[in-house]
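Peer 1: The structure follows.
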Amino acid sequence: MNQILLMTLSGPDRPGITTAVTAVLARHNGNVLDIGQAVIHSTLSLGLLVELPPGCDAADLRDALQSFADEQGLSLRSENVAPAAYGEWVEAQGRARYIITLLARKITAEQVSQVSAVFAGHGLGIDGITRLSGRLPLGELPPLSKACVEFSVRGPLADPEAFRSDLLELAASLDVDLALQQDNMFRRNRRLVAFDMDSTLIEAEVIDELALEAGVGEQVAEITERAMRGELDFSESFRARVALLQGLPEEALERISARLRITEGAEHLISTLRRLGYRTAILSGGFTYFAHQLQQRLGIDYVYANDLDIVDGRVTGKVTGNIVDGRRKAELLREIAAREGIDLQQVIAVGDGANDLPMLSVAGLGVAFRAKPLVKQRAEQSISTLGLDAILYLLGISDRYQQH
């Protein structure tokens with residue numbers, strides 16, 4: 001029966017190590033069953049699972065590898081693998097694999113320790129850990145720093161809901177975000193991203209800004225907050241708020257537009273998505289006046305929002321056409337995906353309010369962004385610590401592939 005060896009080399013990295021090691025194996029007619037290599041701060045860790053044919057002198061192979069390791073200042077560890085153990089390893093390849101993405105301004109040992117403890121508590125083993133964010137300098141963090149580590153874990157997950165609940169609870173206690181995704185073919189093959197506008201793409205609720213201009217800020221803000229918490233029907237509350245804007249001059253819209261701030265990471269995210277060939281959409285319960293300006297600035301493909309009725313240069317207090325509420329957002333998302341020939345599993349939806357939940361649940365990846373507590377609890381994923389471009393990490397896109 002063929003012998004199976006597991007070998008690990010570690011030490012200073014330099015070009016040619018993998019070439020030399022596999023050349024030694026080739027002289028002994030070895031077959032590579034598995035191979036993995038990582039380099040951290042110029043330090044190499046190379047692992048090989050090798051099958052040796054009958055008659056191969058394993059001791060001679062070890063001596064040759066040890067001689068090479070000594071010359072290169074490397075540590076060599078090798079052990080025999082029993083056929084039964086190898087068979088169990090092969091059978092395990094059918095187990096579900098999950099991706100957990102840790103997002104924070106800075107990654108600490110405490111965070112990694114507690115996150116990995118949750119994995120172990122649910123019987124999941126870590127297959128790989130990858131840093132997706134760029135290298136951080138020592139000392140004081142730069143403004144709006146980003147740190148991201150991606151864990152690939154595998155194993156039979158007996159209670160997925162309990163696992164997700166434990167991750168959410170831990171994320172809240174550590175002030176980080178933890179995103180859980182099943183590692184399937186759709187994860188790196190999304191094609192459409194739909195955004196809410198107010199408090200998602202922009203750092204404001206436009207209707208509140210309009211209310212301030214109209215002198216009815218407190219009344220509208222109260223209704224807005226209750227609607228976003230899911231305490232009021234969106235369409236009913238929306239009409240009530242718009243009615244309070246009656247008589248507002250049209251010039252107020254221009255003033256508001258000039259002071260609106262785009263959310264951290266939004267421009268970088270959308271420009272990157274466009275380069276990658278993604279389609280993008282704004283599905284907003286806000287107003288088309290502002291959505292179309294945002295469309296031109298960011299290069300958004302589709303815009304659906306509410307038309308604020310203006311007659312003789314003044315707001316009438318009414319909206320024309322159907323209100324874009326939660327149900328309508330989900331319908332529009334389906335329509336755009338069908339028009340583009342995109343499976344809903346390839347769709348990402350991003351929003352912060354209760355009226356975004358229907359489209360978040362329809363999309364293959366629903367992301368609650370800096371969302372209200374109710375939305376964070378119900379959404380599949382949540383991002384609160386970083387900007388919108390953290391979504392690129394959920395797609396597995398490292399900083400090294402992003403153009404800033």
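Identifiers for the structure tokens are assigned positionally: chains receive A, B, ... in sequence, residues are indexed from 1 per chain, and ligands are indexed from 1 in the order shown.
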Can you list, as number ranges by chain, all residues belonging to range 192-356 of chain A that DSSP tags as helix (DSSP H, G or I)?

Peer 2: A: 206-214, 217-228, 234-243, 251-259, 266-275, 288-298, 326-340, 344-346, 354-356

Peer 1: Any idea what's packed within 8 Å of Leu269 in chain A, counting only C-alpha atoms, ignoring anything in its chain fewer than 4 positions away? Could you give it as a PyMOL selection string?

Peer 2: chain A and resi 265+273+388-389+391-392

Peer 1: Measuring between only C-alpha atoms, which one of A:Met197, A:Val319, A:Asn189, A:Val149 shows the shortest distance to Thr108 in chain A?

Peer 2: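 Looking at the shortest contact to Thr108 in chain A, the residue is A:Val149.
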
Peer 1: List as a CSV table (one decimal) with N, CA, C and O atoms, in the first residue's frame the protein and nucleic acid residues near Phe195 in chain A, meaning an atom at most 12 Å away when only C-alpha atoms are counted, but skip any in the same chain fewer than 3 places from it.

Peer 2:
chain,number,residue,atom,x,y,z
A,192,LEU,N,-25.6,42.2,-9.0
A,192,LEU,CA,-26.5,43.4,-8.9
A,192,LEU,C,-26.5,43.8,-7.4
A,192,LEU,O,-26.6,43.0,-6.5
A,198,ASP,N,-31.5,57.2,1.7
A,198,ASP,CA,-31.4,57.9,3.0
A,198,ASP,C,-30.8,57.1,4.1
A,198,ASP,O,-31.3,56.0,4.4
A,199,SER,N,-29.8,57.7,4.7
A,199,SER,CA,-29.1,57.0,5.8
A,199,SER,C,-28.3,55.7,5.4
A,199,SER,O,-27.9,54.9,6.2
A,200,THR,N,-28.2,55.6,4.1
A,200,THR,CA,-27.5,54.4,3.5
A,200,THR,C,-26.4,55.0,2.6
A,200,THR,O,-25.3,55.0,2.9
A,201,LEU,N,-26.8,55.5,1.4
A,201,LEU,CA,-25.9,56.1,0.5
A,201,LEU,C,-25.6,57.5,0.9
A,201,LEU,O,-24.5,58.0,0.6
A,202,ILE,N,-26.5,58.2,1.6
A,202,ILE,CA,-26.2,59.5,2.1
A,202,ILE,C,-26.4,59.5,3.6
A,202,ILE,O,-27.2,58.7,4.2
A,263,THR,N,-22.2,58.8,2.2
A,263,THR,CA,-21.7,57.9,3.3
A,263,THR,C,-20.3,57.5,3.1
A,263,THR,O,-19.9,57.2,1.9
A,266,ALA,N,-19.0,54.9,0.2
A,266,ALA,CA,-20.0,54.7,-0.9
A,266,ALA,C,-19.3,54.9,-2.3
A,266,ALA,O,-19.6,54.1,-3.2
A,269,LEU,N,-16.9,52.1,-3.1
A,269,LEU,CA,-17.6,50.8,-3.3
A,269,LEU,C,-18.2,50.8,-4.7
A,269,LEU,O,-18.0,49.8,-5.5
A,270,ILE,N,-19.0,51.8,-5.1
A,270,ILE,CA,-19.7,51.8,-6.3
A,270,ILE,C,-18.7,51.9,-7.5
A,270,ILE,O,-18.9,51.3,-8.6
A,279,ARG,N,-24.1,45.7,-11.8
A,279,ARG,CA,-25.2,46.7,-12.0
A,279,ARG,C,-25.6,47.2,-10.7
A,279,ARG,O,-25.6,46.5,-9.7
A,280,THR,N,-26.0,48.4,-10.6
A,280,THR,CA,-26.4,49.0,-9.3
A,280,THR,C,-27.7,49.8,-9.4
A,280,THR,O,-28.1,50.2,-10.5
A,281,ALA,N,-28.4,49.9,-8.3
A,281,ALA,CA,-29.7,50.5,-8.3
A,281,ALA,C,-29.9,51.2,-6.9
A,281,ALA,O,-29.4,50.8,-5.9
A,282,ILE,N,-30.7,52.3,-7.0
A,282,ILE,CA,-31.2,53.0,-5.8
A,282,ILE,C,-32.7,52.7,-5.8
A,282,ILE,O,-33.5,53.0,-6.7
A,283,LEU,N,-33.1,52.1,-4.7
A,283,LEU,CA,-34.5,51.8,-4.4
A,283,LEU,C,-34.9,52.5,-3.1
A,283,LEU,O,-34.6,52.0,-2.0
A,284,SER,N,-35.5,53.7,-3.2
A,284,SER,CA,-35.6,54.6,-2.1
A,284,SER,C,-37.0,55.0,-1.8
A,284,SER,O,-37.8,55.3,-2.7
A,285,GLY,N,-37.3,55.1,-0.5
A,285,GLY,CA,-38.5,55.7,-0.1
A,285,GLY,C,-38.4,57.2,0.0
A,285,GLY,O,-39.3,57.9,0.5
A,286,GLY,N,-37.3,57.7,-0.5
A,286,GLY,CA,-37.1,59.2,-0.5
A,286,GLY,C,-37.6,59.8,-1.8
A,286,GLY,O,-38.5,59.3,-2.4
A,291,ALA,N,-32.3,61.5,-5.6
A,291,ALA,CA,-31.8,60.2,-6.1
A,291,ALA,C,-31.2,60.3,-7.5
A,291,ALA,O,-30.1,59.7,-7.8
A,294,LEU,N,-27.8,61.9,-7.1
A,294,LEU,CA,-26.8,60.9,-6.6
A,294,LEU,C,-26.5,59.9,-7.8
A,294,LEU,O,-25.3,59.4,-7.9
A,295,GLN,N,-27.5,59.6,-8.6
A,295,GLN,CA,-27.2,58.7,-9.7
A,295,GLN,C,-26.1,59.3,-10.6
A,295,GLN,O,-25.2,58.5,-11.1
A,300,ILE,N,-25.0,55.4,-10.9
A,300,ILE,CA,-25.9,54.3,-10.6
A,300,ILE,C,-26.7,54.0,-11.9
A,300,ILE,O,-27.1,54.9,-12.7
A,301,ASP,N,-27.0,52.7,-12.1
A,301,ASP,CA,-27.8,52.3,-13.3
A,301,ASP,C,-29.3,52.5,-13.2
A,301,ASP,O,-29.9,53.0,-14.2
A,302,TYR,N,-29.9,52.2,-12.1
A,302,TYR,CA,-31.3,52.3,-11.9
A,302,TYR,C,-31.7,53.1,-10.8
A,302,TYR,O,-31.0,53.1,-9.7
A,303,VAL,N,-32.8,53.9,-10.9
A,303,VAL,CA,-33.2,54.7,-9.8
A,303,VAL,C,-34.8,54.6,-9.7
A,303,VAL,O,-35.5,54.8,-10.7
A,304,TYR,N,-35.3,54.2,-8.5
A,304,TYR,CA,-36.7,54.3,-8.2
A,304,TYR,C,-36.9,54.9,-6.9
A,304,TYR,O,-36.3,54.5,-5.9
A,305,ALA,N,-37.7,56.0,-6.9
A,305,ALA,CA,-38.0,56.7,-5.7
A,305,ALA,C,-39.3,57.4,-5.8
A,305,ALA,O,-40.0,57.2,-6.8
A,329,LYS,N,-40.2,48.0,-3.0
A,329,LYS,CA,-38.8,47.8,-3.1
A,329,LYS,C,-38.4,46.3,-3.5
A,329,LYS,O,-37.6,46.1,-4.4
A,330,ALA,N,-39.1,45.4,-2.8
A,330,ALA,CA,-38.8,44.0,-3.2
A,330,ALA,C,-39.3,43.7,-4.6
A,330,ALA,O,-38.6,42.9,-5.3
A,332,LEU,N,-39.5,45.8,-7.1
A,332,LEU,CA,-38.5,46.4,-8.1
A,332,LEU,C,-37.2,45.6,-8.2
A,332,LEU,O,-36.7,45.5,-9.2
A,333,LEU,N,-36.8,45.1,-7.0
A,333,LEU,CA,-35.6,44.3,-7.0
A,333,LEU,C,-35.7,43.0,-7.9
A,333,LEU,O,-34.9,42.7,-8.7
A,347,VAL,N,-27.9,38.7,-6.1
A,347,VAL,CA,-28.3,40.1,-5.8
A,347,VAL,C,-27.9,40.4,-4.3
A,347,VAL,O,-28.1,39.7,-3.4
A,348,ILE,N,-27.4,41.7,-4.2
A,348,ILE,CA,-27.1,42.2,-2.8
A,348,ILE,C,-28.1,43.4,-2.6
A,348,ILE,O,-28.2,44.2,-3.5
A,349,ALA,N,-28.7,43.5,-1.4
A,349,ALA,CA,-29.5,44.6,-1.1
A,349,ALA,C,-29.0,45.2,0.2
A,349,ALA,O,-28.6,44.5,1.1
A,350,VAL,N,-29.0,46.5,0.3
A,350,VAL,CA,-28.4,47.2,1.4
A,350,VAL,C,-29.4,48.3,1.9
A,350,VAL,O,-29.8,49.1,1.1
A,351,GLY,N,-29.6,48.3,3.2
A,351,GLY,CA,-30.5,49.3,3.7
A,351,GLY,C,-30.5,49.4,5.2
A,351,GLY,O,-29.8,48.6,5.8
A,352,ASP,N,-31.2,50.4,5.8
A,352,ASP,CA,-31.1,50.6,7.2
A,352,ASP,C,-32.4,50.6,7.9
A,352,ASP,O,-32.4,50.5,9.2
A,353,GLY,N,-33.5,50.7,7.2
A,353,GLY,CA,-34.8,50.9,7.9
A,353,GLY,C,-35.7,49.7,7.8
A,353,GLY,O,-35.4,48.7,7.0
A,356,ASP,N,-36.8,48.5,4.5
A,356,ASP,CA,-35.8,47.8,3.6
A,356,ASP,C,-35.8,46.3,3.8
A,356,ASP,O,-35.3,45.5,3.0
A,357,LEU,N,-36.5,45.8,4.9
A,357,LEU,CA,-36.4,44.4,5.2
A,357,LEU,C,-36.9,43.5,4.1
A,357,LEU,O,-36.4,42.4,3.8
A,359,MET,N,-36.8,43.8,0.8
A,359,MET,CA,-35.8,43.6,-0.3
A,359,MET,C,-34.5,42.9,0.3
A,359,MET,O,-33.9,42.2,-0.4
A,360,LEU,N,-34.2,43.1,1.6
A,360,LEU,CA,-33.1,42.4,2.2
A,360,LEU,C,-33.3,40.9,2.2
A,360,LEU,O,-32.4,40.1,2.0
A,363,ALA,N,-33.1,39.3,-1.5
A,363,ALA,CA,-31.8,39.3,-2.1
A,363,ALA,C,-31.0,38.1,-1.6
A,363,ALA,O,-31.2,37.6,-0.5
A,366,GLY,N,-28.4,40.1,2.0
A,366,GLY,CA,-29.1,41.3,2.5
A,366,GLY,C,-28.2,41.9,3.6
A,366,GLY,O,-27.9,41.1,4.6
A,367,VAL,N,-27.9,43.1,3.5
A,367,VAL,CA,-27.0,43.8,4.4
A,367,VAL,C,-27.7,45.0,5.1
A,367,VAL,O,-28.1,45.9,4.4
A,368,ALA,N,-27.8,44.9,6.4
A,368,ALA,CA,-28.3,46.0,7.2
A,368,ALA,C,-27.1,46.9,7.5
A,368,ALA,O,-26.2,46.5,8.2
A,369,PHE,N,-27.2,48.2,7.0
A,369,PHE,CA,-26.0,49.1,7.1
A,369,PHE,C,-26.4,50.1,8.2
A,369,PHE,O,-27.3,50.9,8.0
A,388,LEU,N,-19.5,51.8,3.8
A,388,LEU,CA,-20.2,50.9,2.8
A,388,LEU,C,-19.2,50.0,2.0
A,388,LEU,O,-19.6,48.9,1.6
A,391,ILE,N,-18.6,46.1,2.2
A,391,ILE,CA,-19.3,45.1,1.5
A,391,ILE,C,-18.3,44.4,0.5
A,391,ILE,O,-18.5,43.2,0.3

Peer 1: Skip Gly36 in chain A itself and residues of its chain fewer than 5 positions away, then list as a PyMOL selection string all residues within 7 Å of it, counting only C-alpha atoms.

Peer 2: chain A and resi 46-48

Peer 1: Taking only range 21-51 of chain A into account, list the residues labelled strand (DSSP E or B) by DSSP (computed from the backbone), as a list in words.

Peer 2: Asn31, Val32, Leu33, Asp34, Ile35, Gly36, Gln37, Ala38, Val39, Ile40, Thr43, Leu44, Ser45, Leu46, Gly47, Leu48, Leu49, Val50 and Glu51 of chain A

Peer 1: Out of A:Glu213, A:Glu264, A:Glu51, A:Glu251, which residue has the shortest atom-to-atom distance to Ile35 in chain A when counting only C-alpha atoms?

Peer 2: A:Glu51

Peer 1: For the interface of range 46-160 of chain A with range 10-16 of chain A (cut-off 8 Å, counting only C-alpha atoms), please tabulate each contacting residue of range 46-160 of chain A alongside its nearest pair of atoms and their separation in Å to one decimal, rows sorted by chain and increasing number, as a tab-separated table.

Peer 2:
residue	atom	partner	partner_atom	distance
A:Leu46	CA	A:Ser10	CA	6.3
A:Gly73	CA	A:Gly11	CA	6.7
A:Leu74	CA	A:Gly11	CA	4.7
A:Ser75	CA	A:Ser10	CA	5.2
A:Leu76	CA	A:Ser10	CA	6.8

Peer 1: Calculated over only C-alpha atoms, which of the candidates A:Arg328, A:Leu103, A:Gln114, A:Gln3 has the smallest distance to Pro83 in chain A?

Peer 2: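 Nearest candidate to Pro83 in chain A out of A:Arg328, A:Leu103, A:Gln114, A:Gln3: A:Gln3.
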
Peer 1: So which one's closest to Thr272 in chain A, A:Thr288, A:Ser145, A:Ser235, A:Gln402? Using only C-alpha atoms, please.

Peer 2: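 Among the listed residues, the smallest separation from Thr272 in chain A belongs to A:Gln402.
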
Peer 1: Just the residues within 10 Å of Arg239 in chain A, please, counting only C-alpha atoms, with nothing from its chain fewer than 4 positions along; format it as a PyMOL selection string.

Peer 2: chain A and resi 234-235+243-244+317-319+323

Peer 1: How about saving the chosen residues, N, CA, C and O atoms kept, as an mmCIF file, in the first residue's frame?

Peer 2:
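What ended up in part-v2.cif:
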data_model
loop_
_atom_site.group_PDB
_atom_site.id
_atom_site.type_symbol
_atom_site.label_atom_id
_atom_site.label_comp_id
_atom_site.auth_asym_id
_atom_site.auth_seq_id
_atom_site.Cartn_x
_atom_site.Cartn_y
_atom_site.Cartn_z
ATOM 1 N N PHE A 234 -45.280 52.360 6.630
ATOM 2 C CA PHE A 234 -44.445 53.337 5.945
ATOM 3 C C PHE A 234 -45.263 54.269 5.057
ATOM 4 O O PHE A 234 -45.084 55.491 5.098
ATOM 5 N N SER A 235 -46.139 53.707 4.227
ATOM 6 C CA SER A 235 -46.886 54.542 3.273
ATOM 7 C C SER A 235 -47.754 55.569 3.984
ATOM 8 O O SER A 235 -47.799 56.749 3.600
ATOM 9 N N ALA A 243 -47.272 65.743 3.768
ATOM 10 C CA ALA A 243 -48.338 66.742 3.893
ATOM 11 C C ALA A 243 -47.877 67.941 4.714
ATOM 12 O O ALA A 243 -48.291 69.085 4.462
ATOM 13 N N LEU A 244 -46.999 67.696 5.674
ATOM 14 C CA LEU A 244 -46.491 68.785 6.511
ATOM 15 C C LEU A 244 -45.553 69.722 5.744
ATOM 16 O O LEU A 244 -45.230 70.814 6.231
ATOM 17 N N GLY A 317 -47.432 69.168 -0.908
ATOM 18 C CA GLY A 317 -47.733 68.284 0.217
ATOM 19 C C GLY A 317 -48.214 66.924 -0.233
ATOM 20 O O GLY A 317 -48.712 66.139 0.591
ATOM 21 N N LYS A 318 -48.055 66.629 -1.514
ATOM 22 C CA LYS A 318 -48.486 65.338 -2.052
ATOM 23 C C LYS A 318 -47.345 64.695 -2.841
ATOM 24 O O LYS A 318 -46.380 65.360 -3.218
ATOM 25 N N VAL A 319 -47.474 63.387 -3.082
ATOM 26 C CA VAL A 319 -46.557 62.680 -3.977
ATOM 27 C C VAL A 319 -47.361 62.134 -5.135
ATOM 28 O O VAL A 319 -48.537 61.797 -4.990
ATOM 29 N N ILE A 323 -46.219 54.976 -4.117
ATOM 30 C CA ILE A 323 -45.173 55.175 -3.122
ATOM 31 C C ILE A 323 -44.234 53.975 -3.123
ATOM 32 O O ILE A 323 -44.666 52.823 -3.154
#
